[in-house]
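Have a look at my_file_31.cif below; it lists mmCIF, C-alpha atoms.
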data_protein
#
loop_
_atom_site.label_atom_id
_atom_site.label_comp_id
_atom_site.auth_asym_id
_atom_site.auth_seq_id
_atom_site.Cartn_x
_atom_site.Cartn_y
_atom_site.Cartn_z
CA MET A 1 11.68 10.31 13.31
CA ASN A 2 15.31 9.92 12.38
CA VAL A 3 15.94 8.31 9.00
CA VAL A 4 19.27 6.89 7.84
CA ASP A 5 18.76 5.60 4.31
CA ARG A 6 22.02 4.31 2.85
CA PHE A 7 20.36 2.53 -0.05
CA ARG A 8 20.99 4.10 -3.42
CA GLU A 9 17.97 3.10 -5.42
CA GLY A 10 18.84 1.26 -8.61
CA GLU A 11 16.82 0.92 -11.76
CA PRO A 12 13.51 -0.79 -10.98
CA VAL A 13 13.47 -2.34 -14.47
CA GLU A 14 15.86 -4.56 -16.38
CA LEU A 15 16.00 -5.22 -20.12
CA CYS A 16 15.79 -8.95 -20.80
CA GLU A 17 16.15 -10.83 -24.07
CA GLY A 18 13.61 -13.34 -25.34
CA GLU A 19 12.17 -14.71 -28.56
CA LEU A 20 8.94 -13.52 -30.09
CA LEU A 21 6.46 -16.32 -30.69
CA THR A 22 3.63 -15.89 -33.20
CA PRO A 23 1.01 -18.35 -34.47
CA ALA A 24 3.33 -18.88 -37.43
CA GLY A 25 6.27 -19.78 -35.17
CA LEU A 26 9.31 -17.95 -33.80
CA ALA A 27 9.74 -14.55 -35.37
CA GLY A 28 13.11 -13.37 -34.09
CA GLY A 29 14.46 -11.77 -30.97
CA ALA A 30 12.43 -9.70 -28.55
CA ALA A 31 13.82 -7.48 -25.79
CA ARG A 32 11.43 -6.47 -23.03
CA LYS A 33 11.73 -4.44 -19.82
CA VAL A 34 10.82 -6.43 -16.72
CA LEU A 35 10.52 -5.41 -13.09
CA VAL A 36 13.40 -5.92 -10.69
CA GLU A 37 12.31 -8.02 -7.71
CA HIS A 38 13.85 -6.98 -4.40
CA ALA A 39 13.52 -8.34 -0.84
CA THR A 40 13.98 -6.42 2.41
CA GLU A 41 14.02 -7.96 5.88
CA VAL A 42 12.50 -5.66 8.50
CA THR A 43 13.39 -5.82 12.19
CA VAL A 44 11.38 -3.93 14.80
CA ASN A 45 13.15 -3.22 18.10
CA THR A 46 15.77 -5.82 17.01
CA VAL A 47 13.10 -8.51 16.48
CA PRO A 48 12.83 -9.94 12.92
CA THR A 49 9.24 -9.03 12.07
CA MET A 50 8.53 -9.13 8.35
CA ARG A 51 9.90 -9.64 4.87
CA VAL A 52 8.76 -7.44 2.01
CA VAL A 53 9.25 -8.33 -1.64
CA CYS A 54 8.98 -5.20 -3.71
CA THR A 55 10.48 -3.00 -6.37
CA PRO A 56 13.74 -1.43 -5.11
CA ASP A 57 12.43 2.10 -4.59
CA HIS A 58 10.83 4.18 -1.83
CA LEU A 59 11.76 1.59 0.82
CA VAL A 60 11.39 4.01 3.74
CA ASP A 61 7.90 4.97 2.55
CA LEU A 62 7.04 1.28 2.30
CA VAL A 63 8.24 0.42 5.82
CA VAL A 64 6.55 3.44 7.42
CA GLY A 65 3.32 2.78 5.55
CA ARG A 66 3.34 -0.93 6.41
CA LEU A 67 3.82 -0.24 10.13
CA TYR A 68 0.97 2.27 10.05
CA THR A 69 -1.58 0.32 8.02
CA GLU A 70 -0.96 -2.81 10.08
CA GLY A 71 -1.71 -0.91 13.28
CA ILE A 72 1.80 -1.31 14.71
CA VAL A 73 2.28 2.46 15.00
CA GLY A 74 -0.20 5.29 15.35
CA GLY A 75 1.95 7.86 13.56
CA LEU A 76 5.48 9.06 12.96
CA ASP A 77 5.90 9.99 16.62
CA ASP A 78 5.90 6.28 17.47
CA ILE A 79 8.99 5.73 15.31
CA GLU A 80 12.33 6.89 16.68
CA ASP A 81 14.70 5.58 14.02
CA ILE A 82 14.66 3.85 10.65
CA TYR A 83 17.88 2.54 9.13
CA VAL A 84 18.13 1.05 5.63
CA CYS A 85 21.41 -0.65 4.73
CA ASP A 86 23.50 0.02 1.63
CA GLN A 87 22.02 -2.93 -0.30
CA GLY A 88 18.47 -2.17 0.78
CA THR A 89 18.10 -5.73 2.04
CA ARG A 90 17.77 -4.81 5.71
CA ALA A 91 15.61 -2.18 7.40
CA SER A 92 15.87 -1.69 11.15
CA VAL A 93 13.12 0.16 13.00
CA LEU A 94 13.25 1.44 16.57
CA LEU A 95 9.89 2.25 18.11
CA SER A 96 9.57 4.73 20.95
CA CYS A 97 6.67 3.25 22.90
CA HIS A 98 6.14 -0.32 21.79
CA HIS A 99 7.61 -3.46 23.32
CA ALA A 100 7.40 -6.94 21.92
CA ASP A 101 4.67 -9.09 23.41
CA PHE A 102 6.21 -12.53 23.06
CA SER A 103 3.05 -14.17 24.38
CA ARG A 104 1.45 -13.52 21.00
CA GLN A 105 2.45 -16.79 19.43
CA GLY A 106 1.54 -17.61 15.87
CA VAL A 107 2.74 -19.23 12.71
CA GLU A 108 4.42 -17.38 9.88
CA THR A 109 1.81 -15.88 7.58
CA VAL A 110 1.77 -14.67 3.99
CA PRO A 111 -0.56 -11.64 3.84
CA SER A 112 -0.35 -11.02 0.10
CA CYS A 113 -0.74 -13.38 -2.83
CA CYS A 114 0.93 -10.83 -5.12
CA THR A 115 4.46 -11.17 -3.75
CA GLY A 116 6.56 -13.12 -1.30
CA ASN A 117 5.68 -10.78 1.58
CA ARG A 118 5.78 -12.57 4.93
CA VAL A 119 4.96 -11.69 8.52
CA TYR A 120 7.06 -13.63 11.03
CA ASN A 121 5.12 -12.75 14.18
CA ARG A 122 2.48 -10.48 15.70
CA TYR A 123 4.54 -9.33 18.66
CA PHE A 124 3.98 -5.62 17.96
CA THR A 125 0.37 -5.68 16.78
CA SER A 126 -2.75 -5.18 18.87
CA ASP A 127 -6.06 -6.97 19.05
CA GLU A 128 -7.86 -3.68 19.63
CA ARG A 129 -10.65 -2.99 17.19
CA PRO A 130 -9.78 -0.05 14.89
CA ALA A 131 -11.92 3.07 15.11
CA LYS A 132 -14.53 3.82 12.51
CA VAL A 133 -13.46 6.08 9.67
CA LYS A 134 -14.71 9.66 9.80
CA PRO A 135 -16.51 10.16 6.47
CA ILE A 136 -16.03 13.34 4.47
CA PRO A 137 -18.18 14.85 1.71
CA TRP A 138 -16.72 14.01 -1.70
CA GLU A 139 -17.22 14.80 -5.35
CA ALA A 140 -17.43 12.47 -8.32
CA ALA A 141 -14.75 14.57 -10.01
CA TRP A 142 -12.21 13.32 -7.45
CA VAL A 143 -12.80 9.71 -8.45
CA PHE A 144 -12.66 10.40 -12.17
CA ALA A 145 -9.47 12.46 -11.79
CA ALA A 146 -7.78 9.40 -10.29
CA ALA A 147 -9.29 7.11 -12.91
CA ARG A 148 -7.98 9.35 -15.69
CA ALA A 149 -4.52 9.41 -14.12
CA PHE A 150 -4.54 5.62 -14.04
CA ALA A 151 -5.78 5.39 -17.65
CA GLU A 152 -2.95 7.67 -18.77
CA ASP A 153 -0.61 5.13 -17.12
CA SER A 154 2.20 5.41 -14.59
CA PRO A 155 5.90 5.22 -15.54
CA LEU A 156 6.81 1.69 -14.43
CA HIS A 157 3.57 0.16 -15.65
CA LYS A 158 3.99 1.88 -19.00
CA ALA A 159 7.48 0.38 -19.30
CA THR A 160 6.68 -3.13 -18.08
CA THR A 161 2.85 -3.55 -17.82
CA GLY A 162 3.72 -5.39 -14.61
CA THR A 163 3.05 -3.07 -11.67
CA HIS A 164 0.22 -2.08 -9.42
CA SER A 165 -0.32 1.65 -9.04
CA CYS A 166 -1.72 3.67 -6.15
CA TYR A 167 -2.69 7.34 -6.09
CA LEU A 168 -3.44 9.71 -3.23
CA VAL A 169 -5.94 12.41 -4.18
CA LEU A 170 -6.71 15.64 -2.32
CA GLY A 171 -9.60 17.73 -3.58
CA GLY A 172 -9.44 16.18 -7.03
CA THR A 173 -5.67 16.57 -7.44
CA VAL A 174 -3.33 13.58 -7.48
CA VAL A 175 -0.54 14.52 -5.06
CA VAL A 176 1.27 11.18 -4.57
CA CYS A 177 1.74 8.21 -6.88
CA ARG A 178 3.60 4.99 -6.09
CA GLU A 179 4.04 1.72 -7.97
CA ASP A 180 5.15 -1.73 -6.92
CA LEU A 181 5.03 -5.44 -7.70
CA GLY A 182 2.09 -5.83 -5.31
CA ARG A 183 -0.98 -3.75 -4.60
CA HIS A 184 -0.39 -3.93 -0.83
CA ASN A 185 3.11 -2.49 -1.25
CA ALA A 186 1.92 0.30 -3.55
CA PHE A 187 -0.76 1.24 -1.01
CA ASP A 188 1.72 1.26 1.86
CA LYS A 189 4.22 3.34 -0.13
CA VAL A 190 1.56 5.99 -0.74
CA VAL A 191 0.54 6.03 2.93
CA GLY A 192 4.17 6.21 4.08
CA ALA A 193 4.91 9.06 1.67
CA ALA A 194 1.83 10.95 2.87
CA LEU A 195 2.83 10.59 6.53
CA ARG A 196 6.38 11.76 5.82
CA GLU A 197 5.11 14.75 3.82
CA GLY A 198 2.67 15.79 6.55
CA ILE A 199 -0.45 15.04 4.51
CA ASP A 200 -3.58 14.45 6.59
CA LEU A 201 -4.90 11.07 5.44
CA ARG A 202 -8.29 11.94 6.93
CA ASP A 203 -8.82 14.27 3.94
CA ALA A 204 -7.64 11.82 1.29
CA LEU A 205 -9.01 9.58 -1.38
CA ILE A 206 -6.76 6.63 -2.20
CA PHE A 207 -7.15 4.97 -5.59
CA SER A 208 -5.70 1.49 -6.20
CA SER A 209 -5.22 -0.42 -9.42
CA GLY A 210 -5.90 -3.76 -7.72
CA ARG A 211 -8.90 -5.62 -6.38
CA LEU A 212 -9.86 -4.91 -2.78
CA PRO A 213 -9.98 -7.95 -0.51
CA VAL A 214 -10.45 -7.60 3.24
CA ASP A 215 -6.80 -6.91 4.08
CA MET A 216 -6.65 -3.95 1.69
CA VAL A 217 -9.78 -2.41 3.19
CA MET A 218 -8.45 -2.93 6.71
CA LYS A 219 -5.30 -1.04 5.72
CA ALA A 220 -7.45 1.95 4.73
CA ILE A 221 -9.44 1.71 7.97
CA HIS A 222 -6.29 1.52 10.13
CA ALA A 223 -4.92 4.54 8.25
CA GLY A 224 -8.11 6.57 8.73
CA VAL A 225 -8.54 7.07 4.99
CA PRO A 226 -12.19 8.07 4.39
CA ILE A 227 -12.48 7.18 0.68
CA LEU A 228 -11.08 4.08 -1.02
CA ALA A 229 -11.46 3.58 -4.75
CA THR A 230 -10.20 1.10 -7.31
CA LYS A 231 -10.43 0.36 -11.00
CA ALA A 232 -10.98 -3.27 -9.98
CA VAL A 233 -13.55 -5.06 -7.84
CA PRO A 234 -14.39 -5.62 -4.15
CA THR A 235 -15.61 -8.76 -2.40
CA ASP A 236 -18.80 -9.21 -0.41
CA GLU A 237 -16.84 -9.07 2.86
CA THR A 238 -15.07 -5.92 1.68
CA ILE A 239 -18.41 -4.19 1.15
CA ARG A 240 -19.68 -5.35 4.54
CA LEU A 241 -16.59 -3.97 6.29
CA ALA A 242 -16.81 -0.65 4.44
CA ARG A 243 -20.40 -0.24 5.63
CA GLU A 244 -19.53 -1.29 9.18
CA PHE A 245 -16.63 1.18 9.45
CA ASP A 246 -18.20 4.09 7.47
CA LEU A 247 -15.61 3.82 4.68
CA THR A 248 -16.68 5.29 1.36
CA LEU A 249 -16.04 2.51 -1.18
CA ILE A 250 -16.00 3.08 -4.94
CA CYS A 251 -14.99 0.34 -7.36
CA GLN A 252 -14.81 -0.46 -11.08
CA ALA A 253 -13.84 3.18 -11.56
CA ARG A 254 -13.16 4.19 -15.14
CA PRO A 255 -12.87 7.69 -16.64
CA ASP A 256 -16.57 7.52 -17.55
CA SER A 257 -18.20 5.44 -14.80
CA ALA A 258 -17.83 3.91 -11.34
CA VAL A 259 -19.85 1.85 -8.87
CA VAL A 260 -20.42 3.27 -5.38
CA TYR A 261 -20.79 0.38 -2.92
CA ASN A 262 -20.88 2.50 0.21
CA ASP A 263 -21.40 6.21 0.81
CA PRO A 264 -22.16 7.17 4.42
CA PHE A 265 -23.60 10.48 3.23
CA GLY A 266 -25.94 8.80 0.76
CA GLU A 267 -28.45 11.14 -0.81
CA THR A 268 -27.46 13.94 1.59
CA ARG A 269 -24.00 14.23 0.06
#
Can the structure in the file be given as structure tokens, please?
Amino acid sequence: MNVVDRFREGEPVELCEGELLTPAGLAGGAARKVLVEHATEVTVNTVPTMRVVCTPDHLVDLVVGRLYTEGIVGGLDDIEDIYVCDQGTRASVLLSCHHADFSRQGVETVPSCCTGNRVYNRYFTSDERPAKVKPIPWEAAWVFAAARAFAEDSPLHKATTGTHSCYLVLGGTVVVCREDLGRHNAFDKVVGAALREGIDLRDALIFSSGRLPVDMVMKAIHAGVPILATKAVPTDETIRLAREFDLTLICQARPDSAVVYNDPFGETR
């Protein structure tokens, strides 16, 4: 995969002035750091395909991860070139073995309620059912290591209290951390970083700060991630899908407790 990234990442936070309001009334000026909101239009094989609204960092990781977790590519070998312009507002992707199927008509969709992310079409996606995840034995210490890392806070969240965080854990060690405006983006940035660094996602636990609706779980299934954890909550459909696809699902994870909603190994683990 050839990458041409001309975007020089700016500061993902900006200091903004406001006034502090207390029950007694206004109490003077207040300066707070807020997240910078950035939008990138992504074309695939010259076809406008999606718009991602994100923090202005790790854009290549985000695009690679999004293509992978949406089932558009099966790995880096499917991507010939990625180009990101100087302003970071345009990312062009050239795929090696995928052609647009213009018979796949559909309306513009908004896959995430967290940001202004939009999908313009499904020309490069497939209706094929994803394969089941291959479960791996795991240890409780892996989950609590990620939960402790989250409790200790990540840099952008510490500065703004406004991000979602995502961690990739191998054998109890956090090896990748990404943050973003939206939980979907943070997840895709972690997956993209792992692919680019040659990390085998089939050995990974991914820990998210956000709740896990169906689309988040399907991202993990498409990526072949065997263990998905969060400090937040699942839905009933999320749990059903995890059990159907053999995904280990652990939620409400804190440094001292967690709820296991699906473990394919069960008592034999």
### Message
Using only C-alpha atoms for the distances, tell me which of A:Leu26, A:Asp81, A:Ala204, A:Gln87 is nearest to Ala39 (chain A).
### Response
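Ranking A:Leu26, A:Asp81, A:Ala204, A:Gln87 by distance to Ala39 (chain A), first place goes to A:Gln87.
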### Message
Using the chain letters and numbers from this file, what does the PyMOL selection byres ((chain A and resi 3) around 9) select? Give the answer as number ranges by chain.
### Response
A: 1-2, 4-5, 60, 80-84
Kindly assemble as a Markdown table a list of the region 129-243 of chain A residues that lie within 10 Å of region 67-78 of chain A, each paired with its nearest atom pair and their distance in Å to one decimal, using only C-alpha atoms, sorted first by chain and then by ascending residue number.
| residue | atom | partner | partner_atom | distance |
| --- | --- | --- | --- | --- |
| A:Arg129 | CA | A:Gly71 | CA | 10.0 |
| A:Pro130 | CA | A:Gly71 | CA | 8.3 |
| A:His184 | CA | A:Thr69 | CA | 9.9 |
| A:Phe187 | CA | A:Thr69 | CA | 9.1 |
| A:Asp188 | CA | A:Thr69 | CA | 7.1 |
| A:Val191 | CA | A:Thr69 | CA | 7.9 |
| A:Gly192 | CA | A:Tyr68 | CA | 7.8 |
| A:Leu195 | CA | A:Leu76 | CA | 7.1 |
| A:Arg196 | CA | A:Leu76 | CA | 7.7 |
| A:Gly198 | CA | A:Leu76 | CA | 9.7 |
| A:Asp215 | CA | A:Glu70 | CA | 9.3 |
| A:Met216 | CA | A:Thr69 | CA | 9.2 |
| A:Val217 | CA | A:Thr69 | CA | 9.9 |
| A:Met218 | CA | A:Thr69 | CA | 7.7 |
| A:Lys219 | CA | A:Thr69 | CA | 4.6 |
| A:Ala220 | CA | A:Thr69 | CA | 6.9 |
| A:Ile221 | CA | A:Thr69 | CA | 8.0 |
| A:His222 | CA | A:Thr69 | CA | 5.3 |
| A:Ala223 | CA | A:Thr69 | CA | 5.4 |
| A:Gly224 | CA | A:Thr69 | CA | 9.1 |
### Message
Since I can't run it myself right now, could you work out what the PyMOL selection byres ((chain A and resi 53) around 10) selects here and report it as a VMD selection string?
### Response
chain A and resid 37 to 41 51 to 52 54 to 56 89 114 to 118 180 to 182 185
### Query
In file coordinates, which residues lie within 12 Å of (12.2, -4.7, -28.9) using only C-alpha atoms, given as number ranges by chain?
A: 15-20, 28-33, 159
Mind writing the picked residues with C-alpha atoms as a PDB file, in the frame of the given file?
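Below is the file that was written, again.pdb:
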ATOM      1  CA  LEU A  15      16.000  -5.220 -20.120  1.00  0.00           C
ATOM      2  CA  CYS A  16      15.790  -8.950 -20.800  1.00  0.00           C
ATOM      3  CA  GLU A  17      16.150 -10.830 -24.070  1.00  0.00           C
ATOM      4  CA  GLY A  18      13.610 -13.340 -25.340  1.00  0.00           C
ATOM      5  CA  GLU A  19      12.170 -14.710 -28.560  1.00  0.00           C
ATOM      6  CA  LEU A  20       8.940 -13.520 -30.090  1.00  0.00           C
ATOM      7  CA  GLY A  28      13.110 -13.370 -34.090  1.00  0.00           C
ATOM      8  CA  GLY A  29      14.460 -11.770 -30.970  1.00  0.00           C
ATOM      9  CA  ALA A  30      12.430  -9.700 -28.550  1.00  0.00           C
ATOM     10  CA  ALA A  31      13.820  -7.480 -25.790  1.00  0.00           C
ATOM     11  CA  ARG A  32      11.430  -6.470 -23.030  1.00  0.00           C
ATOM     12  CA  LYS A  33      11.730  -4.440 -19.820  1.00  0.00           C
ATOM     13  CA  ALA A 159       7.480   0.380 -19.300  1.00  0.00           C
TER      14      ALA A 159
END
#### Entry: A:Leu59, A:Pro12, A:Ser96, A:Asp101 ranked by distance to Val47 (chain A), top pick (using all atoms listed in the file)
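Comparing A:Leu59, A:Pro12, A:Ser96, A:Asp101 against Val47 (chain A), the winner is A:Asp101.
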Please expand the PyMOL selection byres ((chain A and resi 138-142) around 10) into the concrete residues it hits in this file, giving the result as a PDB file with C-alpha atoms, in the coordinates of the input.
ATOM      1  CA  PRO A 135     -16.510  10.160   6.470  1.00  0.00           C
ATOM      2  CA  ILE A 136     -16.030  13.340   4.470  1.00  0.00           C
ATOM      3  CA  PRO A 137     -18.180  14.850   1.710  1.00  0.00           C
ATOM      4  CA  VAL A 143     -12.800   9.710  -8.450  1.00  0.00           C
ATOM      5  CA  PHE A 144     -12.660  10.400 -12.170  1.00  0.00           C
ATOM      6  CA  ALA A 145      -9.470  12.460 -11.790  1.00  0.00           C
ATOM      7  CA  ALA A 146      -7.780   9.400 -10.290  1.00  0.00           C
ATOM      8  CA  ALA A 147      -9.290   7.110 -12.910  1.00  0.00           C
ATOM      9  CA  VAL A 169      -5.940  12.410  -4.180  1.00  0.00           C
ATOM     10  CA  LEU A 170      -6.710  15.640  -2.320  1.00  0.00           C
ATOM     11  CA  GLY A 171      -9.600  17.730  -3.580  1.00  0.00           C
ATOM     12  CA  GLY A 172      -9.440  16.180  -7.030  1.00  0.00           C
ATOM     13  CA  THR A 173      -5.670  16.570  -7.440  1.00  0.00           C
ATOM     14  CA  VAL A 174      -3.330  13.580  -7.480  1.00  0.00           C
ATOM     15  CA  ASP A 203      -8.820  14.270   3.940  1.00  0.00           C
ATOM     16  CA  ALA A 204      -7.640  11.820   1.290  1.00  0.00           C
ATOM     17  CA  LEU A 205      -9.010   9.580  -1.380  1.00  0.00           C
ATOM     18  CA  PHE A 207      -7.150   4.970  -5.590  1.00  0.00           C
ATOM     19  CA  PRO A 226     -12.190   8.070   4.390  1.00  0.00           C
ATOM     20  CA  ILE A 227     -12.480   7.180   0.680  1.00  0.00           C
ATOM     21  CA  THR A 248     -16.680   5.290   1.360  1.00  0.00           C
ATOM     22  CA  PRO A 255     -12.870   7.690 -16.640  1.00  0.00           C
ATOM     23  CA  SER A 257     -18.200   5.440 -14.800  1.00  0.00           C
ATOM     24  CA  ALA A 258     -17.830   3.910 -11.340  1.00  0.00           C
ATOM     25  CA  ASP A 263     -21.400   6.210   0.810  1.00  0.00           C
ATOM     26  CA  PHE A 265     -23.600  10.480   3.230  1.00  0.00           C
ATOM     27  CA  ARG A 269     -24.000  14.230   0.060  1.00  0.00           C
TER      28      ARG A 269
END
### Query
In Å, with one decimal, what is the gap from CA of Glu244 (chain A) to CA of Met50 (chain A)?
29.1 Å
### Task
Please provide the set of residues having any atom within 8 Å of His164 (chain A), restricted to all atoms listed in the file, with same-chain residues fewer than 2 positions apart removed, written as a ChimeraX atom specification.
/A:157,162,166,179-183,186,208-210
Now that the selection is made, can you save its residues with C-alpha atoms as a compact mmCIF listing (two decimals), keeping the file's coordinate frame?
# COMPACT_ATOMS: atom_id res chain seq x y z
CA HIS A 157 3.57 0.16 -15.65
CA GLY A 162 3.72 -5.39 -14.61
CA CYS A 166 -1.72 3.67 -6.15
CA GLU A 179 4.04 1.72 -7.97
CA ASP A 180 5.15 -1.73 -6.92
CA LEU A 181 5.03 -5.44 -7.70
CA GLY A 182 2.09 -5.83 -5.31
CA ARG A 183 -0.98 -3.75 -4.60
CA ALA A 186 1.92 0.30 -3.55
CA SER A 208 -5.70 1.49 -6.20
CA SER A 209 -5.22 -0.42 -9.42
CA GLY A 210 -5.90 -3.76 -7.72
### Task
Grab the CA of Lys189 (chain A) to CA of Ile206 (chain A) distance for me, in Å with one decimal place.
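So the two atoms, CA of Lys189 (chain A) and CA of Ile206 (chain A), lie 11.6 Å apart.
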Could you give me, as a CSV table (one decimal) with C-alpha atoms, in the coordinates of the input, the residues within 8 Å of region 237-240 of chain A, counting only C-alpha atoms and dropping anything in the same chain fewer than 6 positions from it?
chain,number,residue,atom,x,y,z
A,212,LEU,CA,-9.9,-4.9,-2.8
A,213,PRO,CA,-10.0,-8.0,-0.5
A,214,VAL,CA,-10.4,-7.6,3.2
A,217,VAL,CA,-9.8,-2.4,3.2
A,249,LEU,CA,-16.0,2.5,-1.2
A,261,TYR,CA,-20.8,0.4,-2.9
A,262,ASN,CA,-20.9,2.5,0.2
### Task
Mind giving me the straight-line distance from CA of Pro48 (chain A) to CA of Val36 (chain A) in Å, one decimal?
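Computed distance, CA of Pro48 (chain A) to CA of Val36 (chain A), equals 24.0 Å.
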Keeping N, CA, C and O atoms, write region 64-75 of chain A of the structure just shown out as a PDB file, in the first residue's frame.
ATOM      1  N   VAL A  64      -8.218   3.663   6.525  1.00  0.00           N
ATOM      2  CA  VAL A  64      -7.904   2.235   6.384  1.00  0.00           C
ATOM      3  C   VAL A  64      -8.829   1.407   7.278  1.00  0.00           C
ATOM      4  O   VAL A  64      -9.411   0.396   6.852  1.00  0.00           O
ATOM      5  N   GLY A  65      -8.964   1.830   8.536  1.00  0.00           N
ATOM      6  CA  GLY A  65      -9.812   1.097   9.457  1.00  0.00           C
ATOM      7  C   GLY A  65     -11.264   1.085   9.027  1.00  0.00           C
ATOM      8  O   GLY A  65     -11.941   0.054   9.118  1.00  0.00           O
ATOM      9  N   ARG A  66     -11.754   2.210   8.514  1.00  0.00           N
ATOM     10  CA  ARG A  66     -13.154   2.282   8.087  1.00  0.00           C
ATOM     11  C   ARG A  66     -13.405   1.348   6.899  1.00  0.00           C
ATOM     12  O   ARG A  66     -14.412   0.639   6.864  1.00  0.00           O
ATOM     13  N   LEU A  67     -12.496   1.322   5.940  1.00  0.00           N
ATOM     14  CA  LEU A  67     -12.654   0.422   4.793  1.00  0.00           C
ATOM     15  C   LEU A  67     -12.664  -1.041   5.234  1.00  0.00           C
ATOM     16  O   LEU A  67     -13.413  -1.859   4.698  1.00  0.00           O
ATOM     17  N   TYR A  68     -11.852  -1.358   6.231  1.00  0.00           N
ATOM     18  CA  TYR A  68     -11.733  -2.737   6.693  1.00  0.00           C
ATOM     19  C   TYR A  68     -12.942  -3.164   7.523  1.00  0.00           C
ATOM     20  O   TYR A  68     -13.517  -4.241   7.306  1.00  0.00           O
ATOM     21  N   THR A  69     -13.352  -2.326   8.467  1.00  0.00           N
ATOM     22  CA  THR A  69     -14.448  -2.726   9.352  1.00  0.00           C
ATOM     23  C   THR A  69     -15.801  -2.652   8.663  1.00  0.00           C
ATOM     24  O   THR A  69     -16.781  -3.210   9.163  1.00  0.00           O
ATOM     25  N   GLU A  70     -15.871  -1.985   7.526  1.00  0.00           N
ATOM     26  CA  GLU A  70     -17.117  -1.972   6.760  1.00  0.00           C
ATOM     27  C   GLU A  70     -17.144  -3.072   5.698  1.00  0.00           C
ATOM     28  O   GLU A  70     -18.094  -3.167   4.918  1.00  0.00           O
ATOM     29  N   GLY A  71     -16.099  -3.882   5.650  1.00  0.00           N
ATOM     30  CA  GLY A  71     -16.063  -5.000   4.722  1.00  0.00           C
ATOM     31  C   GLY A  71     -15.767  -4.615   3.290  1.00  0.00           C
ATOM     32  O   GLY A  71     -15.970  -5.417   2.375  1.00  0.00           O
ATOM     33  N   ILE A  72     -15.262  -3.401   3.072  1.00  0.00           N
ATOM     34  CA  ILE A  72     -14.933  -2.968   1.708  1.00  0.00           C
ATOM     35  C   ILE A  72     -13.624  -3.590   1.253  1.00  0.00           C
ATOM     36  O   ILE A  72     -13.459  -3.937   0.078  1.00  0.00           O
ATOM     37  N   VAL A  73     -12.661  -3.738   2.174  1.00  0.00           N
ATOM     38  CA  VAL A  73     -11.399  -4.403   1.860  1.00  0.00           C
ATOM     39  C   VAL A  73     -11.175  -5.534   2.842  1.00  0.00           C
ATOM     40  O   VAL A  73     -11.685  -5.522   3.965  1.00  0.00           O
ATOM     41  N   GLY A  74     -10.396  -6.513   2.417  1.00  0.00           N
ATOM     42  CA  GLY A  74     -10.069  -7.643   3.275  1.00  0.00           C
ATOM     43  C   GLY A  74      -8.694  -7.538   3.906  1.00  0.00           C
ATOM     44  O   GLY A  74      -8.270  -8.434   4.630  1.00  0.00           O
ATOM     45  N   GLY A  75      -7.985  -6.456   3.631  1.00  0.00           N
ATOM     46  CA  GLY A  75      -6.646  -6.248   4.176  1.00  0.00           C
ATOM     47  C   GLY A  75      -5.918  -5.185   3.393  1.00  0.00           C
ATOM     48  O   GLY A  75      -6.443  -4.617   2.419  1.00  0.00           O
TER      49      GLY A  75
END
